[in-house]
Amino acid sequence: MADFKDKVVYQIYPKSFSDSDGDGLGDLRGVTARLDHLAKLGVDYLWLTPFFPSPQRDNGYDVADYCAVDPHFGTMADLEELIREADKRGMGLMLDMVFNHTSTEHQWFQRALAGEKKYQDYYIFRDGSPDCPPTNWVSKFGGSAWEYLPQLGRWYLHLFDVSQADLNWENPAVRAELAKVLQFWKAKGVKGFRFDVVNLISKPAVFEDDQQGDGRRFYTDGPKVHQYLQELVAAGGIEGMVTVGEMSSTTLENCIGYTAPQRHELSMCFNFHHLKVDYKNGDKWALMPPDLLALKKLFALWQEGMQAGGGWNALFWCNHDQPRAVSRFGEEGEYWSRSAKMLATATHMMRGTPYIYQGEEIGMTNPHFKSIDQYRDVESLNYYQILQEQGKTPAEALEILAARSRDNGRTPMQWDDGPNAGFTAGTPWLGLADSYQTINAAAQWEDPDSILWYYRRLIALRKENKLISEGKIEFLFPEDAQLLAYRRYDPAGSGELLVLCNLTGREISDCLPEGWSGAEKLLGNCPDSAPAGTLRPYECLVLQRA
Ligand code: GLC
């Protein structure tokens with residue numbers, strides 16, 4: 001079995017990480033050039049989001065060839081060098097497999113378009129008249145999930161952008177092709193995989209209108225998804241490698257199924273329920289402050305639930321699809337550093353494998369773009385229109401994008417306070433957050449009290465302390481919306497940790513449970529002289545006792 005309980009994964013969005021050739025786009029040689037930052041931080045695996053040939057309609061999640069490198073990112077030789085150099089520093093690569101759909105520029109789709117029956121069966125085509133899509137399902141990026149092709153007189157399904165055609169997993173030939181892709185990369189020496197929206201691969205036997213929603217209930221955690229995953233893992237020969245599935249709108253029960261070791265599916269999975277606590281009525285495009293009680297309940301449900309079922313969580317606040325956590329759940333002003341450390345502590349001490357998204361380790365913030373011209377993401381551009389069609393003014397639509405756009409998490413990595421934050425010598429493909437003058441990696445390596453050094457300590461602790469990597473978890477004070485509290489313990493009785501995080505800008509007093517006064521402080525962002533049991537705004541504390 002893969003070894004991942006005491007490991008930490010670092011997510012790299014290559015397009016925004018580091019540009020080695022001045023074209024304004026990050027690339028693989030840029031990643032290699034920054035490996036020492038990552039090794040010093042102490043992370044174990046590097047998950048690289050897609051760098052495969054792609055028209056980049058969805059920044060590489062529209063893959064046109066699964067087994068090659070897009071020239072914008074470099075060459076296969078650059079990738080092999082990155083694998084070798086990472087390996088020398090004790091880090092393994094995890095590649096991002098986008099197997100729910102391909103780009104419509106993939107040769108399979110092109111051959112389907114050209115009329116080859118074999119490749120038409122690789123996708124989900126349905127007959128129908130041009131004015132009536134087969135079902136009323138809605139694409140995750142807005143609009144219908146079906147596109148009509150006049151040259152074939154048929155519709156194809158795309159749960160995401162119109163250029164991302166869903167693959168037909170019912171077809172064994174498709175499943176065999178995808179297993180070959182895994183074998184190819186395994187042979188190159190990568191150590192693991194992240195599977196994009198993999199719980200959407202199994203579509204229902206019958207396609208029908210959804211009278212209650214957008215169609216997701218028919219294909220989310222679909223009828224054969226577990227069987228397909230088991231088959232893929234076996235046929236791809238990847239059992240024993242570290243794997244993580246991205247699970248869209250999933251359930252606890254299914255995630256136990258995806259990750260319990262005896263099922264031979266995946267090592268762990270991402271779910272997003274805790275990142276919807278600021279969606280008003282579940283709508284990402286309707287703003288609301290985070291509901292902290294709901295957040296705590298979701299953490300408790302997923303942590304204790306996965307533990308009870310023998311599953312394993314991926315722990316995270318940030319990725320390339322999410323706004324910056326410190327801007328969203330923390331504070332960008334006086335408590336910027338403190339709130340970033342508290343948020344890190346909250347997830348890194350939980351049961352599961354922590355993921356750090358590039359820039360999170362230095363507390364990068366949202367860029368606060370003011371004009372639609374600054375946005376690049378297809379989802380943001382679509383929703384800018386949709387929101388106005390729904391009656392919002394352009395200013396209101398921009399305010400929503402400034403909080404919710406995926407571009408918030410995609411601005412270039414802030415390496416230093418030089419031009420373009422050291423990301424590129426050219427013109428960056430997406431603007432930087434102005435904060436790079438003060439928030440950057442170089443400045444934080446100089447400051448032992450920085451967010452960066454704090455992350456380094458958190459990563460090291462997971463390796464030193466078995467209670468963190470292996471201990472059981474139990475949540476405390478479930479009805480308190482301000483204080484996130486849990487203990488990690490060894491059921492055999494040797495040792496216990498208490499984690500206390502003030503999720504708010506208000507002080508908390510008397511938060512120490514019985515028996516903890518006088519316990520040893522393992523970590524925290526509060527001064528050692530702080531009175532026991534008091535947490536000022538966004539403070540956190542980890543205590544240990546025998
Ligand atoms: C996942 C990716 C996201 C992408 C989508 C479609 O959610 O993280 O970036 O747009 O899948 O592939």
# chains A, B, ... in the order shown; residues from 1 in each chain; ligands from 1
>>> residues_near_ligand(ligand="ligand 1", cutoff="9 Å", atoms="only C-alpha atoms and all ligand atoms", output="JSON list (two decimals) with N, CA, C and O atoms, in the first residue's frame")
[["chain", "number", "residue", "atom", "x", "y", "z"],
["A", 49, "THR", "N", -0.74, 20.20, -12.05],
["A", 49, "THR", "CA", -1.96, 20.23, -12.85],
["A", 49, "THR", "C", -1.55, 20.07, -14.33],
["A", 49, "THR", "O", -0.37, 20.16, -14.66],
["A", 58, "ASP", "N", -9.73, 25.47, -21.04],
["A", 58, "ASP", "CA", -9.92, 25.36, -19.59],
["A", 58, "ASP", "C", -8.56, 25.14, -18.93],
["A", 58, "ASP", "O", -8.39, 24.27, -18.08],
["A", 59, "ASN", "N", -7.59, 25.94, -19.38],
["A", 59, "ASN", "CA", -6.25, 25.89, -18.81],
["A", 59, "ASN", "C", -5.69, 24.48, -18.66],
["A", 59, "ASN", "O", -5.16, 24.12, -17.61],
["A", 60, "GLY", "N", -5.80, 23.70, -19.69],
["A", 60, "GLY", "CA", -5.16, 22.39, -19.70],
["A", 60, "GLY", "C", -6.05, 21.25, -19.26],
["A", 60, "GLY", "O", -5.68, 20.08, -19.44],
["A", 61, "TYR", "N", -7.21, 21.55, -18.66],
["A", 61, "TYR", "CA", -8.15, 20.47, -18.32],
["A", 61, "TYR", "C", -8.95, 20.05, -19.55],
["A", 61, "TYR", "O", -9.89, 19.27, -19.47],
["A", 62, "ASP", "N", -8.54, 20.58, -20.68],
["A", 62, "ASP", "CA", -9.08, 20.17, -21.98],
["A", 62, "ASP", "C", -7.90, 19.53, -22.71],
["A", 62, "ASP", "O", -7.16, 20.18, -23.43],
["A", 63, "VAL", "N", -7.71, 18.23, -22.47],
["A", 63, "VAL", "CA", -6.49, 17.55, -22.91],
["A", 63, "VAL", "C", -6.66, 17.03, -24.35],
["A", 63, "VAL", "O", -7.62, 16.34, -24.66],
["A", 98, "VAL", "N", -7.15, 13.72, -16.48],
["A", 98, "VAL", "CA", -8.47, 14.28, -16.76],
["A", 98, "VAL", "C", -9.22, 13.27, -17.62],
["A", 98, "VAL", "O", -9.22, 13.36, -18.85],
["A", 99, "PHE", "N", -9.81, 12.29, -16.97],
["A", 99, "PHE", "CA", -10.37, 11.14, -17.69],
["A", 99, "PHE", "C", -11.88, 11.19, -17.84],
["A", 99, "PHE", "O", -12.47, 10.27, -18.40],
["A", 100, "ASN", "N", -12.52, 12.23, -17.33],
["A", 100, "ASN", "CA", -13.96, 12.32, -17.57],
["A", 100, "ASN", "C", -14.25, 12.79, -18.99],
["A", 100, "ASN", "O", -15.29, 12.47, -19.56],
["A", 101, "HIS", "N", -13.32, 13.59, -19.53],
["A", 101, "HIS", "CA", -13.56, 14.19, -20.85],
["A", 101, "HIS", "C", -12.23, 14.43, -21.55],
["A", 101, "HIS", "O", -11.18, 14.43, -20.91],
["A", 102, "THR", "N", -12.28, 14.63, -22.86],
["A", 102, "THR", "CA", -11.10, 15.09, -23.58],
["A", 102, "THR", "C", -11.45, 16.43, -24.23],
["A", 102, "THR", "O", -12.62, 16.80, -24.32],
["A", 140, "LYS", "N", -21.43, 22.60, -16.00],
["A", 140, "LYS", "CA", -20.89, 23.21, -14.77],
["A", 140, "LYS", "C", -20.34, 24.61, -15.03],
["A", 140, "LYS", "O", -20.09, 25.35, -14.10],
["A", 141, "PHE", "N", -20.10, 24.91, -16.28],
["A", 141, "PHE", "CA", -19.61, 26.25, -16.60],
["A", 141, "PHE", "C", -20.72, 27.14, -17.16],
["A", 141, "PHE", "O", -20.46, 28.19, -17.73],
["A", 159, "LEU", "N", -20.14, 17.95, -19.74],
["A", 159, "LEU", "CA", -20.53, 18.45, -18.41],
["A", 159, "LEU", "C", -19.78, 19.74, -18.08],
["A", 159, "LEU", "O", -20.20, 20.49, -17.22],
["A", 160, "PHE", "N", -18.68, 19.99, -18.79],
["A", 160, "PHE", "CA", -17.91, 21.23, -18.56],
["A", 160, "PHE", "C", -18.00, 22.08, -19.84],
["A", 160, "PHE", "O", -19.07, 22.19, -20.43],
["A", 161, "ASP", "N", -16.90, 22.64, -20.28],
["A", 161, "ASP", "CA", -16.96, 23.53, -21.44],
["A", 161, "ASP", "C", -17.37, 22.77, -22.71],
["A", 161, "ASP", "O", -17.16, 21.54, -22.80],
["A", 164, "GLN", "N", -14.95, 20.38, -24.05],
["A", 164, "GLN", "CA", -14.57, 19.23, -23.22],
["A", 164, "GLN", "C", -15.66, 18.16, -23.34],
["A", 164, "GLN", "O", -16.64, 18.16, -22.59],
["A", 195, "PHE", "N", -6.93, 12.30, -9.95],
["A", 195, "PHE", "CA", -7.94, 12.05, -10.98],
["A", 195, "PHE", "C", -9.01, 13.13, -10.93],
["A", 195, "PHE", "O", -9.73, 13.27, -9.94],
["A", 196, "ASP", "N", -9.09, 13.86, -12.02],
["A", 196, "ASP", "CA", -10.01, 14.99, -12.14],
["A", 196, "ASP", "C", -11.47, 14.52, -12.16],
["A", 196, "ASP", "O", -11.79, 13.57, -12.87],
["A", 197, "VAL", "N", -12.31, 15.20, -11.42],
["A", 197, "VAL", "CA", -13.77, 14.91, -11.36],
["A", 197, "VAL", "C", -14.11, 13.44, -11.68],
["A", 197, "VAL", "O", -15.03, 13.15, -12.45],
["A", 198, "VAL", "N", -13.41, 12.55, -11.00],
["A", 198, "VAL", "CA", -13.48, 11.13, -11.40],
["A", 198, "VAL", "C", -14.80, 10.48, -10.95],
["A", 198, "VAL", "O", -15.15, 9.41, -11.44],
["A", 246, "GLU", "N", -10.67, 13.62, -7.29],
["A", 246, "GLU", "CA", -11.45, 14.83, -7.04],
["A", 246, "GLU", "C", -12.92, 14.47, -7.18],
["A", 246, "GLU", "O", -13.36, 14.04, -8.24],
["A", 247, "MET", "N", -13.66, 14.62, -6.09],
["A", 247, "MET", "CA", -15.05, 14.15, -6.06],
["A", 247, "MET", "C", -15.98, 15.34, -5.99],
["A", 247, "MET", "O", -16.02, 16.06, -5.00],
["A", 248, "SER", "N", -16.76, 15.50, -7.04],
["A", 248, "SER", "CA", -17.66, 16.63, -7.14],
["A", 248, "SER", "C", -18.99, 16.28, -6.48],
["A", 248, "SER", "O", -19.54, 15.20, -6.75],
["A", 319, "ASN", "N", -7.02, 25.42, -3.87],
["A", 319, "ASN", "CA", -6.48, 24.81, -5.07],
["A", 319, "ASN", "C", -6.70, 25.81, -6.21],
["A", 319, "ASN", "O", -7.09, 26.96, -5.95],
["A", 320, "HIS", "N", -6.45, 25.37, -7.42],
["A", 320, "HIS", "CA", -6.54, 26.29, -8.56],
["A", 320, "HIS", "C", -7.97, 26.66, -8.92],
["A", 320, "HIS", "O", -8.18, 27.44, -9.85],
["A", 321, "ASP", "N", -8.94, 26.08, -8.25],
["A", 321, "ASP", "CA", -10.35, 26.40, -8.52],
["A", 321, "ASP", "C", -10.97, 27.25, -7.41],
["A", 321, "ASP", "O", -12.15, 27.56, -7.47],
["A", 378, "VAL", "N", -12.50, 30.68, -18.20],
["A", 378, "VAL", "CA", -13.72, 30.50, -19.01],
["A", 378, "VAL", "C", -14.97, 30.56, -18.13],
["A", 378, "VAL", "O", -15.98, 31.15, -18.51],
["A", 379, "GLU", "N", -14.89, 29.98, -16.94],
["A", 379, "GLU", "CA", -16.06, 30.01, -16.05],
["A", 379, "GLU", "C", -16.38, 31.45, -15.64],
["A", 379, "GLU", "O", -17.54, 31.87, -15.64],
["A", 406, "ARG", "N", -12.22, 31.69, -10.17],
["A", 406, "ARG", "CA", -11.10, 30.76, -10.04],
["A", 406, "ARG", "C", -9.77, 31.46, -10.33],
["A", 406, "ARG", "O", -8.72, 30.99, -9.90]]
>>> select_by_dssp(residues="stretch 167-310 of chain A", states="strand (DSSP E)", output="PyMOL selection string")
chain A and resi 192-195+242-246+268-270+279-280+283-287
>>> write_last_selection(atoms="all heavy atoms", output="short mmCIF file (atom, residue, chain, number, x, y, z; two decimals), in the first residue's frame")
data_model
loop_
_atom_site.label_atom_id
_atom_site.label_comp_id
_atom_site.auth_asym_id
_atom_site.auth_seq_id
_atom_site.Cartn_x
_atom_site.Cartn_y
_atom_site.Cartn_z
N GLY A 192 2.55 9.09 -8.54
CA GLY A 192 1.13 9.04 -8.20
C GLY A 192 0.30 9.84 -9.18
O GLY A 192 0.81 10.43 -10.14
N PHE A 193 -1.01 9.83 -8.92
CA PHE A 193 -1.95 10.49 -9.82
C PHE A 193 -3.05 11.18 -9.04
O PHE A 193 -3.50 10.69 -8.01
CB PHE A 193 -2.61 9.47 -10.76
CG PHE A 193 -1.62 8.78 -11.66
CD1 PHE A 193 -1.13 7.51 -11.34
CD2 PHE A 193 -1.16 9.40 -12.81
CE1 PHE A 193 -0.21 6.88 -12.16
CE2 PHE A 193 -0.25 8.77 -13.64
CZ PHE A 193 0.24 7.51 -13.31
N ARG A 194 -3.50 12.29 -9.61
CA ARG A 194 -4.73 12.93 -9.16
C ARG A 194 -5.74 12.74 -10.30
O ARG A 194 -5.40 12.91 -11.46
CB ARG A 194 -4.47 14.41 -8.89
CG ARG A 194 -5.71 15.22 -8.45
CD ARG A 194 -6.15 16.19 -9.51
NE ARG A 194 -7.17 17.11 -9.05
CZ ARG A 194 -7.99 17.77 -9.87
NH1 ARG A 194 -7.89 17.61 -11.17
NH2 ARG A 194 -8.88 18.59 -9.39
N PHE A 195 -6.93 12.30 -9.95
CA PHE A 195 -7.94 12.05 -10.98
C PHE A 195 -9.01 13.13 -10.93
O PHE A 195 -9.73 13.27 -9.94
CB PHE A 195 -8.56 10.66 -10.79
CG PHE A 195 -7.59 9.55 -11.06
CD1 PHE A 195 -6.93 8.90 -10.02
CD2 PHE A 195 -7.31 9.16 -12.36
CE1 PHE A 195 -6.02 7.88 -10.27
CE2 PHE A 195 -6.40 8.15 -12.62
CZ PHE A 195 -5.75 7.51 -11.58
N VAL A 242 0.48 6.58 -4.91
CA VAL A 242 -0.42 7.48 -4.18
C VAL A 242 -1.41 8.09 -5.17
O VAL A 242 -1.03 8.57 -6.24
CB VAL A 242 0.38 8.53 -3.37
CG1 VAL A 242 1.29 9.35 -4.25
CG2 VAL A 242 -0.57 9.46 -2.61
N THR A 243 -2.69 8.00 -4.83
CA THR A 243 -3.73 8.47 -5.75
C THR A 243 -4.77 9.28 -4.99
O THR A 243 -5.10 8.97 -3.84
CB THR A 243 -4.44 7.29 -6.43
OG1 THR A 243 -4.89 6.38 -5.43
CG2 THR A 243 -3.52 6.57 -7.41
N VAL A 244 -5.27 10.29 -5.65
CA VAL A 244 -6.33 11.09 -5.04
C VAL A 244 -7.38 11.39 -6.11
O VAL A 244 -7.04 11.71 -7.24
CB VAL A 244 -5.76 12.38 -4.41
CG1 VAL A 244 -4.99 13.24 -5.41
CG2 VAL A 244 -6.86 13.22 -3.76
N GLY A 245 -8.62 11.24 -5.71
CA GLY A 245 -9.71 11.52 -6.65
C GLY A 245 -10.37 12.83 -6.28
O GLY A 245 -10.62 13.10 -5.10
N GLU A 246 -10.67 13.62 -7.29
CA GLU A 246 -11.45 14.83 -7.04
C GLU A 246 -12.92 14.47 -7.18
O GLU A 246 -13.36 14.04 -8.24
CB GLU A 246 -11.09 15.91 -8.06
CG GLU A 246 -11.80 17.22 -7.76
CD GLU A 246 -11.95 18.14 -8.96
OE1 GLU A 246 -11.96 17.65 -10.10
OE2 GLU A 246 -12.06 19.35 -8.76
N MET A 268 -7.04 8.37 -1.41
CA MET A 268 -7.77 9.41 -0.67
C MET A 268 -8.60 10.23 -1.63
O MET A 268 -8.43 10.13 -2.85
CB MET A 268 -6.79 10.32 0.08
CG MET A 268 -5.86 11.07 -0.84
SD MET A 268 -4.55 11.87 0.11
CE MET A 268 -3.12 10.92 -0.42
N CYS A 269 -9.49 11.05 -1.08
CA CYS A 269 -10.23 11.93 -2.00
C CYS A 269 -10.51 13.30 -1.45
O CYS A 269 -10.55 13.52 -0.24
CB CYS A 269 -11.48 11.27 -2.56
SG CYS A 269 -12.58 10.59 -1.37
N PHE A 270 -10.68 14.21 -2.39
CA PHE A 270 -11.11 15.58 -2.12
C PHE A 270 -12.62 15.62 -2.17
O PHE A 270 -13.22 15.13 -3.12
CB PHE A 270 -10.66 16.53 -3.24
CG PHE A 270 -9.19 16.72 -3.39
CD1 PHE A 270 -8.55 16.28 -4.55
CD2 PHE A 270 -8.46 17.38 -2.43
CE1 PHE A 270 -7.20 16.49 -4.73
CE2 PHE A 270 -7.10 17.59 -2.61
CZ PHE A 270 -6.47 17.15 -3.75
N TYR A 279 -21.58 29.83 0.16
CA TYR A 279 -22.47 29.90 -1.02
C TYR A 279 -23.89 30.12 -0.50
O TYR A 279 -24.43 29.24 0.19
CB TYR A 279 -22.45 28.59 -1.82
CG TYR A 279 -21.17 28.25 -2.54
CD1 TYR A 279 -19.99 28.99 -2.35
CD2 TYR A 279 -21.14 27.17 -3.41
CE1 TYR A 279 -18.82 28.64 -3.02
CE2 TYR A 279 -19.97 26.81 -4.09
CZ TYR A 279 -18.82 27.55 -3.89
OH TYR A 279 -17.67 27.19 -4.54
N LYS A 280 -24.50 31.22 -0.87
CA LYS A 280 -25.87 31.47 -0.38
C LYS A 280 -26.83 30.52 -1.08
O LYS A 280 -26.85 30.45 -2.33
CB LYS A 280 -26.22 32.92 -0.70
CG LYS A 280 -27.41 33.45 0.03
CD LYS A 280 -27.46 34.95 -0.21
CE LYS A 280 -28.60 35.60 0.51
NZ LYS A 280 -28.54 37.05 0.25
N ASP A 283 -25.53 28.47 -3.91
CA ASP A 283 -25.17 29.08 -5.19
C ASP A 283 -23.82 29.77 -5.07
O ASP A 283 -23.67 30.76 -4.35
CB ASP A 283 -26.27 30.09 -5.58
CG ASP A 283 -25.98 30.81 -6.89
OD1 ASP A 283 -24.93 30.53 -7.51
OD2 ASP A 283 -26.80 31.66 -7.28
N LYS A 284 -22.84 29.26 -5.79
CA LYS A 284 -21.48 29.82 -5.76
C LYS A 284 -21.48 31.31 -6.09
O LYS A 284 -20.63 32.06 -5.63
CB LYS A 284 -20.61 29.04 -6.75
CG LYS A 284 -19.28 29.68 -7.07
CD LYS A 284 -18.37 28.71 -7.82
CE LYS A 284 -17.11 29.42 -8.30
NZ LYS A 284 -16.14 28.54 -8.92
N TRP A 285 -22.44 31.75 -6.92
CA TRP A 285 -22.42 33.12 -7.44
C TRP A 285 -23.28 34.06 -6.61
O TRP A 285 -23.58 35.17 -7.02
CB TRP A 285 -22.84 33.11 -8.92
CG TRP A 285 -21.96 32.15 -9.65
CD1 TRP A 285 -22.29 30.88 -10.02
CD2 TRP A 285 -20.59 32.33 -10.03
NE1 TRP A 285 -21.20 30.25 -10.60
CE2 TRP A 285 -20.16 31.14 -10.63
CE3 TRP A 285 -19.68 33.39 -9.91
CZ2 TRP A 285 -18.85 30.96 -11.11
CZ3 TRP A 285 -18.39 33.23 -10.40
CH2 TRP A 285 -17.99 32.02 -10.99
N ALA A 286 -23.70 33.59 -5.42
CA ALA A 286 -24.44 34.46 -4.49
C ALA A 286 -23.59 34.59 -3.23
O ALA A 286 -23.30 33.60 -2.56
CB ALA A 286 -25.80 33.85 -4.18
N LEU A 287 -23.19 35.81 -2.90
CA LEU A 287 -22.23 36.02 -1.82
C LEU A 287 -22.87 35.94 -0.44
O LEU A 287 -24.00 36.37 -0.24
CB LEU A 287 -21.57 37.40 -1.96
CG LEU A 287 -20.81 37.68 -3.25
CD1 LEU A 287 -20.17 39.06 -3.20
CD2 LEU A 287 -19.74 36.62 -3.49
#
>>> closest_residue(among="A:Ser16, A:Gln374, A:Gln444, A:Thr393", to="A:Leu28", atoms="only C-alpha atoms")
A:Ser16
>>> residues_around(residues="A:Leu432", least_positions_apart="3", cutoff="10 Å", atoms="only C-alpha atoms", output="list of chain:residue names")
A:Ser16, A:Asn366, A:Pro367, A:His368, A:Phe369, A:Gln374, A:Asn408, A:Arg410, A:Thr411, A:Pro412, A:Met413, A:Gln414, A:Asn420, A:Ala421, A:Phe423, A:Pro428, A:Trp429, A:Ser435, A:Tyr436
>>> residues_around(residues="A:Val138", least_positions_apart="2", cutoff="8 Å", atoms="only C-alpha atoms", output="CSV table (one decimal) with all heavy atoms, in the first residue's frame")
chain,number,residue,atom,x,y,z
A,136,ASN,N,-32.3,18.2,-20.2
A,136,ASN,CA,-32.2,19.6,-19.7
A,136,ASN,C,-30.9,19.8,-18.9
A,136,ASN,O,-30.9,20.8,-18.1
A,136,ASN,CB,-33.4,20.0,-19.0
A,136,ASN,CG,-33.6,19.2,-17.7
A,136,ASN,OD1,-32.9,18.3,-17.4
A,136,ASN,ND2,-34.6,19.6,-16.9
A,140,LYS,N,-21.4,22.6,-16.0
A,140,LYS,CA,-20.9,23.2,-14.8
A,140,LYS,C,-20.3,24.6,-15.0
A,140,LYS,O,-20.1,25.3,-14.1
A,140,LYS,CB,-19.8,22.3,-14.2
A,140,LYS,CG,-20.2,20.9,-14.0
A,140,LYS,CD,-20.2,20.4,-12.6
A,140,LYS,CE,-20.6,19.0,-12.5
A,140,LYS,NZ,-21.2,18.7,-11.2
A,142,GLY,N,-22.0,26.7,-17.0
A,142,GLY,CA,-23.1,27.5,-17.5
A,142,GLY,C,-23.6,27.0,-18.9
A,142,GLY,O,-22.8,26.5,-19.7
A,143,GLY,N,-24.9,27.2,-19.1
A,143,GLY,CA,-25.5,26.8,-20.4
A,143,GLY,C,-25.8,25.3,-20.4
A,143,GLY,O,-25.6,24.6,-19.5
A,144,SER,N,-26.3,24.9,-21.6
A,144,SER,CA,-26.7,23.4,-21.7
A,144,SER,C,-25.4,22.5,-21.7
A,144,SER,O,-24.3,23.0,-22.1
A,144,SER,CB,-27.4,23.2,-23.1
A,144,SER,OG,-27.5,21.8,-23.3
A,145,ALA,N,-25.6,21.3,-21.2
A,145,ALA,CA,-24.5,20.4,-21.2
A,145,ALA,C,-24.4,19.6,-22.5
A,145,ALA,O,-23.6,18.7,-22.6
A,145,ALA,CB,-24.7,19.4,-20.0
A,159,LEU,N,-20.1,17.9,-19.7
A,159,LEU,CA,-20.5,18.4,-18.4
A,159,LEU,C,-19.8,19.7,-18.1
A,159,LEU,O,-20.2,20.5,-17.2
A,159,LEU,CB,-20.3,17.4,-17.3
A,159,LEU,CG,-21.1,16.1,-17.4
A,159,LEU,CD1,-20.7,15.2,-16.3
A,159,LEU,CD2,-22.6,16.4,-17.5
A,214,ASP,N,-30.0,20.2,-11.9
A,214,ASP,CA,-29.3,20.4,-13.2
A,214,ASP,C,-28.8,19.1,-13.8
A,214,ASP,O,-28.0,19.2,-14.8
A,214,ASP,CB,-28.1,21.4,-12.9
A,214,ASP,CG,-27.1,20.8,-11.9
A,214,ASP,OD1,-27.3,19.7,-11.5
A,214,ASP,OD2,-26.2,21.6,-11.5
A,215,GLY,N,-29.2,18.0,-13.3
A,215,GLY,CA,-28.8,16.7,-13.8
A,215,GLY,C,-27.8,16.0,-13.0
A,215,GLY,O,-27.6,14.8,-13.2
>>> residues_around(residues="A:Arg351", least_positions_apart="5", cutoff="7 Å", atoms="only C-alpha atoms", output="compact mmCIF listing (two decimals) with all heavy atoms, in the first residue's frame")
# COMPACT_ATOMS: atom_id res chain seq x y z
N GLN A 303 -14.48 14.03 8.99
CA GLN A 303 -13.34 13.47 9.70
C GLN A 303 -13.75 12.23 10.49
O GLN A 303 -13.15 11.18 10.36
CB GLN A 303 -12.76 14.54 10.65
CG GLN A 303 -11.99 15.62 9.93
CD GLN A 303 -10.60 15.14 9.54
OE1 GLN A 303 -9.83 14.68 10.38
NE2 GLN A 303 -10.28 15.21 8.27
N ILE A 468 -0.32 12.74 14.93
CA ILE A 468 -0.83 13.54 13.82
C ILE A 468 -1.09 12.66 12.60
O ILE A 468 -2.12 12.76 11.95
CB ILE A 468 0.17 14.67 13.46
CG1 ILE A 468 0.41 15.56 14.68
CG2 ILE A 468 -0.34 15.48 12.28
CD1 ILE A 468 1.53 16.58 14.50
N SER A 469 -0.15 11.78 12.29
CA SER A 469 -0.32 10.98 11.07
C SER A 469 -1.26 9.79 11.28
O SER A 469 -1.96 9.39 10.35
CB SER A 469 1.04 10.50 10.56
OG SER A 469 1.74 9.83 11.58
N ILE A 473 -9.31 10.86 15.81
CA ILE A 473 -9.77 12.24 15.96
C ILE A 473 -11.15 12.29 16.59
O ILE A 473 -11.99 11.41 16.34
CB ILE A 473 -9.75 12.98 14.61
CG1 ILE A 473 -9.92 14.49 14.81
CG2 ILE A 473 -10.81 12.43 13.65
CD1 ILE A 473 -9.49 15.31 13.61
>>> residues_around(residues="A:Pro150", least_positions_apart="6", cutoff="12 Å", atoms="only C-alpha atoms", output="ChimeraX atom specification")
/A:113,127-131,156
>>> write_last_selection(atoms="N, CA, C and O atoms", output="short mmCIF file (atom, residue, chain, number, x, y, z; two decimals), in the first residue's frame")
data_model
loop_
_atom_site.label_atom_id
_atom_site.label_comp_id
_atom_site.auth_asym_id
_atom_site.auth_seq_id
_atom_site.Cartn_x
_atom_site.Cartn_y
_atom_site.Cartn_z
N LEU A 113 -15.67 13.05 -35.30
CA LEU A 113 -16.26 14.09 -36.15
C LEU A 113 -16.17 13.73 -37.63
O LEU A 113 -17.08 14.01 -38.41
N ASP A 127 -28.91 11.13 -30.66
CA ASP A 127 -29.68 11.71 -31.76
C ASP A 127 -30.68 12.72 -31.19
O ASP A 127 -31.00 12.69 -30.01
N GLY A 128 -31.17 13.58 -32.06
CA GLY A 128 -32.18 14.54 -31.61
C GLY A 128 -32.27 15.67 -32.62
O GLY A 128 -31.39 15.81 -33.47
N SER A 129 -33.30 16.45 -32.46
CA SER A 129 -33.44 17.56 -33.41
C SER A 129 -32.64 18.75 -32.88
O SER A 129 -32.46 18.90 -31.68
N PRO A 130 -32.19 19.61 -33.82
CA PRO A 130 -31.27 20.68 -33.44
C PRO A 130 -31.84 21.65 -32.40
O PRO A 130 -31.08 22.30 -31.69
N ASP A 131 -33.16 21.72 -32.28
CA ASP A 131 -33.71 22.69 -31.32
C ASP A 131 -34.06 22.05 -29.98
O ASP A 131 -34.60 22.69 -29.10
N TYR A 156 -23.58 15.97 -28.55
CA TYR A 156 -22.65 15.29 -27.62
C TYR A 156 -22.72 15.95 -26.25
O TYR A 156 -23.02 17.14 -26.13
#
>>> select_by_dssp(residues="stretch 179-300 of chain A", states="alpha helix (DSSP H)", output="PyMOL selection string")
chain A and resi 179-188+216-219+225-236+252-259+292-300
>>> closest_residue(among="A:Val206, A:Ala425, A:Ala441, A:Ala519", to="A:Asp19", atoms="only C-alpha atoms")
A:Ala425
>>> residues_around(residues="A:Phe51", least_positions_apart="4", cutoff="7 Å", atoms="only C-alpha atoms", output="CSV table (one decimal) with N, CA and C atoms, in the first residue's frame")
chain,number,residue,atom,x,y,z
A,60,GLY,N,-5.8,23.7,-19.7
A,60,GLY,CA,-5.2,22.4,-19.7
A,60,GLY,C,-6.0,21.2,-19.3
A,69,VAL,N,3.8,16.4,-23.8
A,69,VAL,CA,4.0,17.6,-23.1
A,69,VAL,C,3.6,18.8,-24.1
A,70,ASP,N,2.8,19.7,-23.6
A,70,ASP,CA,2.5,20.9,-24.5
A,70,ASP,C,3.8,21.7,-24.6
A,73,PHE,N,4.8,24.3,-22.2
A,73,PHE,CA,5.3,24.0,-20.9
A,73,PHE,C,6.7,23.4,-21.0
>>> atom_distance(atom1="atom CA of A:Ala532", atom2="atom CA of A:Leu343")
20.7 Å
